[in-house]
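So this block is structure_16.cif, mmCIF, C-alpha atoms:
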```cif
data_upload
#
loop_
_atom_site.label_atom_id
_atom_site.label_comp_id
_atom_site.auth_asym_id
_atom_site.auth_seq_id
_atom_site.Cartn_x
_atom_site.Cartn_y
_atom_site.Cartn_z
CA MET A 1 21.29 -53.71 -60.83
CA SER A 2 19.43 -52.29 -57.85
CA MET A 3 16.50 -50.23 -59.07
CA THR A 4 16.27 -48.15 -55.88
CA THR A 5 17.22 -44.55 -56.58
CA THR A 6 17.43 -41.80 -53.99
CA THR A 7 17.22 -38.14 -54.92
CA ALA A 8 19.27 -35.88 -52.68
CA ALA A 9 19.11 -32.11 -52.57
CA THR A 10 22.30 -30.09 -52.98
CA ILE A 11 22.91 -26.36 -53.35
CA PHE A 12 23.51 -27.03 -57.05
CA GLY A 13 20.26 -28.91 -57.54
CA PRO A 14 19.00 -32.47 -57.03
CA VAL A 15 21.33 -35.44 -57.48
CA ARG A 16 20.08 -38.96 -58.16
CA ILE A 17 22.03 -41.67 -56.34
CA GLN A 18 21.73 -45.38 -57.06
CA ARG A 19 23.65 -48.20 -55.38
CA LEU A 20 25.02 -50.62 -57.96
CA GLU A 21 25.10 -54.35 -57.37
CA PRO A 22 28.48 -56.09 -57.87
CA THR A 23 27.03 -57.83 -60.93
CA SER A 24 25.93 -54.58 -62.59
CA PRO A 25 27.23 -54.37 -66.18
CA GLU A 26 28.47 -50.82 -65.44
CA LEU A 27 31.03 -52.29 -63.04
CA ALA A 28 32.54 -54.84 -65.43
CA MET A 29 35.78 -52.82 -65.80
CA VAL A 30 35.68 -50.96 -62.48
CA ARG A 31 38.11 -51.92 -59.72
CA ARG A 32 36.39 -52.67 -56.43
CA GLN A 33 37.98 -52.09 -53.05
CA VAL A 34 37.32 -54.60 -50.28
CA ALA A 35 33.87 -54.07 -48.71
CA ALA A 36 33.19 -51.14 -51.03
CA HIS A 37 29.78 -50.03 -52.24
CA ILE A 38 29.62 -48.20 -55.56
CA TYR A 39 26.98 -45.64 -56.37
CA ALA A 40 25.93 -44.19 -59.71
CA VAL A 41 25.48 -40.42 -59.44
CA ASP A 42 23.54 -38.25 -61.86
CA GLY A 43 22.38 -34.67 -61.61
CA ASN A 44 22.94 -31.11 -62.77
CA GLU A 45 26.49 -31.17 -64.25
CA VAL A 46 27.20 -34.34 -62.21
CA ALA A 47 27.64 -37.83 -63.69
CA GLY A 48 29.57 -41.00 -62.92
CA MET A 49 30.34 -43.23 -59.96
CA VAL A 50 31.60 -43.00 -56.41
CA ALA A 51 32.88 -45.88 -54.25
CA ILE A 52 32.67 -45.85 -50.45
CA SER A 53 34.42 -48.33 -48.19
CA PRO A 54 35.32 -48.47 -44.47
CA ALA A 55 38.50 -46.88 -43.18
CA TYR A 56 40.34 -46.91 -39.87
CA ASP A 57 41.01 -43.80 -37.85
CA ASP A 58 44.35 -44.79 -36.36
CA GLU A 59 46.00 -42.13 -34.22
CA GLU A 60 49.73 -41.51 -34.34
CA GLN A 61 51.24 -40.22 -31.13
CA GLY A 62 54.75 -38.85 -30.95
CA ASP A 63 57.26 -38.67 -28.11
CA MET A 64 60.68 -37.04 -28.27
CA PHE A 65 62.32 -39.94 -26.45
CA LEU A 66 60.10 -42.94 -27.17
CA GLY A 67 59.44 -42.19 -30.84
CA LYS A 68 56.11 -42.46 -32.63
CA GLU A 69 53.35 -44.88 -31.70
CA THR A 70 50.37 -45.90 -33.81
CA VAL A 71 47.28 -46.35 -31.65
CA ARG A 72 45.17 -48.71 -33.72
CA ALA A 73 41.38 -48.57 -33.75
CA LEU A 74 39.62 -51.91 -33.35
CA VAL A 75 36.89 -51.14 -35.89
CA PRO A 76 36.65 -48.79 -38.88
CA THR A 77 35.33 -45.37 -37.92
CA ARG A 78 35.78 -43.38 -41.15
CA PHE A 79 34.98 -43.77 -44.84
CA SER A 80 37.37 -44.06 -47.76
CA VAL A 81 35.89 -42.39 -50.82
CA PHE A 82 37.16 -43.31 -54.27
CA PHE A 83 36.53 -41.44 -57.49
CA GLY A 84 38.78 -40.39 -60.31
CA GLN A 85 41.57 -42.17 -62.14
CA SER A 86 45.14 -41.00 -61.54
CA ALA A 87 46.63 -43.39 -64.10
CA SER A 88 46.25 -44.41 -67.71
CA VAL A 89 42.97 -45.90 -68.88
CA ARG A 90 44.24 -46.62 -72.38
CA PRO A 91 43.75 -50.17 -73.67
CA LEU A 92 46.60 -52.65 -73.26
CA PRO A 93 48.86 -53.29 -76.26
CA ASP A 94 46.76 -56.32 -77.19
CA GLY A 95 43.63 -54.18 -77.23
CA ARG A 96 42.16 -55.32 -73.94
CA PRO A 97 40.62 -52.54 -71.81
CA VAL A 98 42.12 -51.87 -68.38
CA ARG A 99 40.20 -51.87 -65.14
CA HIS A 100 39.89 -48.43 -63.59
CA SER A 101 38.65 -46.63 -60.50
CA PRO A 102 35.11 -45.22 -60.44
CA ILE A 103 35.08 -42.07 -62.57
CA LEU A 104 33.10 -38.96 -61.66
CA THR A 105 32.67 -35.89 -63.85
CA ILE A 106 31.58 -32.46 -62.66
CA GLY A 107 30.74 -29.92 -65.32
CA GLY A 108 32.36 -32.18 -67.90
CA ALA A 109 35.68 -32.32 -65.98
CA GLU A 110 36.94 -35.59 -64.53
CA VAL A 111 37.54 -34.91 -60.85
CA LEU A 112 39.60 -36.85 -58.35
CA SER A 113 40.72 -36.63 -54.76
CA PRO A 114 43.38 -39.28 -54.05
CA CYS A 115 43.57 -41.05 -50.68
CA LEU A 116 40.40 -39.38 -49.45
CA THR A 117 39.04 -40.43 -46.06
CA LEU A 118 36.14 -38.61 -44.45
CA ALA A 119 34.47 -38.52 -41.06
CA ARG A 120 31.20 -40.27 -40.38
CA GLY A 121 28.08 -38.67 -39.03
CA GLY A 122 27.72 -35.96 -41.66
CA ASP A 123 30.51 -33.73 -40.36
CA THR A 124 32.36 -33.71 -43.67
CA THR A 125 34.82 -30.88 -44.08
CA ASP A 126 35.84 -29.64 -47.49
CA PHE A 127 38.59 -31.65 -49.16
CA ARG A 128 41.08 -31.10 -51.94
CA VAL A 129 39.72 -31.69 -55.45
CA THR A 130 41.78 -31.85 -58.62
CA VAL A 131 40.90 -32.17 -62.28
CA ARG A 132 42.51 -34.85 -64.41
CA THR A 133 44.59 -33.38 -67.23
CA GLY A 134 46.37 -36.49 -68.50
CA ASP A 135 47.27 -40.09 -67.76
CA TRP A 136 49.31 -39.13 -64.72
CA THR A 137 48.68 -35.41 -64.33
CA SER A 138 46.09 -33.18 -62.71
CA ARG A 139 45.57 -29.60 -61.60
CA PRO A 140 43.56 -27.94 -58.81
CA ALA A 141 39.86 -27.83 -59.63
CA PRO A 142 38.16 -24.47 -60.18
CA ALA A 143 36.26 -23.27 -57.11
CA LEU A 144 32.83 -24.02 -58.58
CA VAL A 145 33.84 -27.54 -59.63
CA ALA A 146 35.34 -28.23 -56.20
CA ALA A 147 32.22 -26.96 -54.42
CA SER A 148 29.94 -29.08 -56.62
CA THR A 149 32.16 -32.10 -55.95
CA HIS A 150 31.92 -31.52 -52.20
CA GLU A 151 28.13 -31.39 -52.43
CA ALA A 152 27.88 -34.54 -54.54
CA ILE A 153 30.15 -36.55 -52.24
CA ARG A 154 28.28 -35.39 -49.13
CA ALA A 155 25.03 -36.48 -50.75
CA VAL A 156 26.38 -39.96 -51.55
CA LEU A 157 27.79 -40.34 -48.04
CA THR A 158 24.44 -39.37 -46.54
CA VAL A 159 22.63 -42.02 -48.60
CA HIS A 160 25.26 -44.65 -47.80
CA GLU A 161 25.36 -43.98 -44.06
CA ALA A 162 21.56 -44.01 -43.79
CA ASP A 163 21.68 -47.80 -44.27
CA ALA A 164 23.17 -48.73 -40.89
CA ASP A 165 22.98 -52.48 -41.50
CA ARG A 166 24.89 -52.18 -44.76
CA VAL A 167 27.55 -49.99 -43.16
CA SER A 168 27.96 -52.43 -40.25
CA ALA A 169 28.28 -55.40 -42.59
CA ALA A 170 30.93 -53.59 -44.60
CA ASP A 171 32.80 -52.69 -41.40
CA ARG A 172 32.86 -56.34 -40.31
CA ALA A 173 34.03 -57.56 -43.71
CA TYR A 174 36.75 -54.92 -43.92
CA ALA A 175 37.95 -55.52 -40.35
CA GLN A 176 38.19 -59.25 -41.02
CA TYR A 177 40.18 -58.60 -44.19
CA ARG A 178 42.57 -56.12 -42.58
CA THR A 179 43.16 -57.87 -39.24
CA PRO A 180 46.06 -60.09 -40.41
CA ASP A 181 48.19 -57.23 -41.79
CA ARG A 182 47.28 -54.93 -38.91
CA ARG A 183 48.30 -57.63 -36.41
CA THR A 184 51.60 -58.10 -38.24
CA SER A 185 52.27 -54.37 -38.02
CA ALA A 186 51.31 -54.27 -34.33
CA GLN A 187 53.57 -57.25 -33.56
CA SER A 188 56.48 -55.44 -35.20
CA ASP A 189 55.77 -52.34 -33.10
CA LEU A 190 55.54 -54.51 -29.98
CA ARG A 191 58.96 -56.04 -30.65
CA ALA A 192 60.42 -52.54 -31.04
CA ALA A 193 58.75 -51.41 -27.79
CA ARG A 194 60.15 -54.42 -25.93
CA ARG A 195 63.65 -53.68 -27.23
CA LEU A 196 63.27 -50.14 -25.98
CA ARG A 197 62.02 -51.44 -22.63
CA ASP A 198 65.09 -53.69 -22.31
CA GLN A 199 67.39 -50.79 -23.15
CA LEU A 200 65.73 -48.59 -20.54
CA GLN A 201 65.88 -51.36 -17.94
CA ALA A 202 69.60 -51.84 -18.63
CA ARG A 203 70.16 -48.12 -18.15
CA ILE A 204 68.18 -48.15 -14.89
CA THR A 205 70.22 -51.12 -13.65
CA ARG A 206 73.53 -49.37 -14.41
CA LEU A 207 72.44 -46.18 -12.67
CA GLU A 208 71.19 -48.05 -9.61
CA ALA A 209 74.44 -50.04 -9.43
CA TYR A 210 76.52 -46.86 -9.59
CA LEU A 211 74.50 -45.15 -6.87
CA ALA A 212 74.63 -48.24 -4.66
CA ALA A 213 78.42 -48.53 -5.08
CA THR A 214 79.01 -44.89 -4.12
CA GLU A 215 76.49 -44.78 -1.30
CA SER A 216 79.13 -45.37 1.45
CA GLU A 217 81.37 -42.58 0.18
CA HIS A 218 78.59 -40.04 -0.20
CA PRO A 219 75.77 -40.96 2.17
CA HIS A 220 72.55 -39.06 1.98
CA PRO A 221 72.53 -36.06 4.37
CA ARG A 222 70.50 -36.67 7.48
CA SER A 223 67.27 -34.72 7.70
#
```

As a first step, turn the structure in this file into structure tokens.
Amino acid sequence: MSMTTTTAATIFGPVRIQRLEPTSPELAMVRRQVAAHIYAVDGNEVAGMVAISPAYDDEEQGDMFLGKETVRALVPTRFSVFFGQSASVRPLPDGRPVRHSPILTIGGAEVLSPCLTLARGGDTTDFRVTVRTGDWTSRPAPALVAASTHEAIRAVLTVHEADADRVSAADRAYAQYRTPDRRTSAQSDLRAARRLRDQLQARITRLEAYLAATESEHPHPRS
């Protein structure tokens, strides 16, 4: 395990943040996302782990006639942040433990924020936080718990993003991993766009043919 610990200041007091190596015993039963870095977090009413991995900031554009288009980014420009378990962590019937997402507790409550992606560069807006109430259930977190969660996540992101080389390496690894499925999706969209192009060209051809055929009967007025 990496022995380097960073202490970050938050409005709720200092938080100690430590990046865990993949071979750390603490991660034996923790699921790891591709190119993710997992941090141990410990502070006033804060304890557990947070995982950060690259994420794409694809833009979806809509058109009433052409339909929606996904404009794909070439490289990841956001962060996916994983903490909390929205499923059962009970042992399997044969007694074997199940792998789980990194778990973070705030004030003794297990918090989670599913499908969380955040901007880079420190401009992190507040995000929805819930508290786990059962294997598959949760409820909105109290305001103080949500605010403390926001502070803890911002602190971890700040520590993570400060290591530019590590972030760049993760971006390259994630982009390499995602390129095949993103290309498959883009190829499907391209086929749909070409079908639409052919349909539009056929309509243009029909309209031009009609206008050409009726030109002699209704010539354009002279200017």

Within 12 Å of A:Pro14 using only C-alpha atoms, minus same-chain residues under 6 positions, as a list in words: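 Those residues are Thr6, Thr7, Ala8, Val41, Asp42, Gly43, Asn44, Glu45, Val46, Ser148, Glu151, Ala152, Ala155 and Val156 of chain A.
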
Dump C-alpha atoms for the selected residues as a PDB file, in the coordinates of the input?
```
ATOM      1  CA  THR A   6      17.430 -41.800 -53.990  1.00  0.00           C
ATOM      2  CA  THR A   7      17.220 -38.140 -54.920  1.00  0.00           C
ATOM      3  CA  ALA A   8      19.270 -35.880 -52.680  1.00  0.00           C
ATOM      4  CA  VAL A  41      25.480 -40.420 -59.440  1.00  0.00           C
ATOM      5  CA  ASP A  42      23.540 -38.250 -61.860  1.00  0.00           C
ATOM      6  CA  GLY A  43      22.380 -34.670 -61.610  1.00  0.00           C
ATOM      7  CA  ASN A  44      22.940 -31.110 -62.770  1.00  0.00           C
ATOM      8  CA  GLU A  45      26.490 -31.170 -64.250  1.00  0.00           C
ATOM      9  CA  VAL A  46      27.200 -34.340 -62.210  1.00  0.00           C
ATOM     10  CA  SER A 148      29.940 -29.080 -56.620  1.00  0.00           C
ATOM     11  CA  GLU A 151      28.130 -31.390 -52.430  1.00  0.00           C
ATOM     12  CA  ALA A 152      27.880 -34.540 -54.540  1.00  0.00           C
ATOM     13  CA  ALA A 155      25.030 -36.480 -50.750  1.00  0.00           C
ATOM     14  CA  VAL A 156      26.380 -39.960 -51.550  1.00  0.00           C
TER      15      VAL A 156
END
```

Of the listed residues A:Leu118, A:Ala87, A:Val129, A:Ala47, that which approaches A:Leu104 most closely, counting only C-alpha atoms: A:Ala47

Expected selection from the PyMOL selection byres ((chain A and resi 49) around 12), given as number ranges by chain: A: 16-20, 26-27, 30-32, 37-43, 46-48, 50-52, 81-85, 100-106, 110-112, 149, 152-153, 156

Nearby residues (all atoms listed in the file) at most 8 Å from A:Asp135, same-chain spacing under 5 positions excluded, as a list in words: Ser86, Ala87, Ser88 and Val89 of chain A

Target residues per the PyMOL selection byres ((chain A and resi 172) around 12), formatted as a list in words: Val34, Ala35, Ala36, Ser53, Pro54, Ala55, Leu74, Val75, Pro76, Thr77, Asp165, Arg166, Val167, Ser168, Ala169, Ala170, Asp171, Ala173, Tyr174, Ala175, Gln176, Tyr177, Arg178 and Thr179 of chain A

Pick from A:Glu217, A:Asp181, A:Asp126, A:Glu59, whichever lies nearest to A:Val71 using all atoms listed in the file: A:Glu59

Resolved residues for the PyMOL selection byres ((chain A and resi 189-206) around 12) as a VMD selection string: chain A and resid 65 to 72 182 to 188 207 to 213

Proximity to A:Thr158 - best of A:Thr124, A:Thr130, A:Thr137, A:Thr4, only C-alpha atoms: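 Answer, going by the shortest atom-to-atom distance: A:Thr124.
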
A:Ala119 environment, 8 Å, only C-alpha atoms, sequence neighbours closer than 2 positions dropped, as a ChimeraX atom specification: /A:77-79,117,121-124

Dump of C-alpha atoms for the selected residues, as an mmCIF file, in the frame of the given file:
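See out_19.cif below for the written result:
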```
data_model
loop_
_atom_site.group_PDB
_atom_site.id
_atom_site.type_symbol
_atom_site.label_atom_id
_atom_site.label_comp_id
_atom_site.auth_asym_id
_atom_site.auth_seq_id
_atom_site.Cartn_x
_atom_site.Cartn_y
_atom_site.Cartn_z
ATOM 1 C CA THR A 77 35.330 -45.370 -37.920
ATOM 2 C CA ARG A 78 35.780 -43.380 -41.150
ATOM 3 C CA PHE A 79 34.980 -43.770 -44.840
ATOM 4 C CA THR A 117 39.040 -40.430 -46.060
ATOM 5 C CA GLY A 121 28.080 -38.670 -39.030
ATOM 6 C CA GLY A 122 27.720 -35.960 -41.660
ATOM 7 C CA ASP A 123 30.510 -33.730 -40.360
ATOM 8 C CA THR A 124 32.360 -33.710 -43.670
#
```

Atom pair atom CA of A:Val98 / atom CA of A:Ala28: separation (Å):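 Straight-line distance from atom CA of A:Val98 to atom CA of A:Ala28 works out to 10.5 Å.
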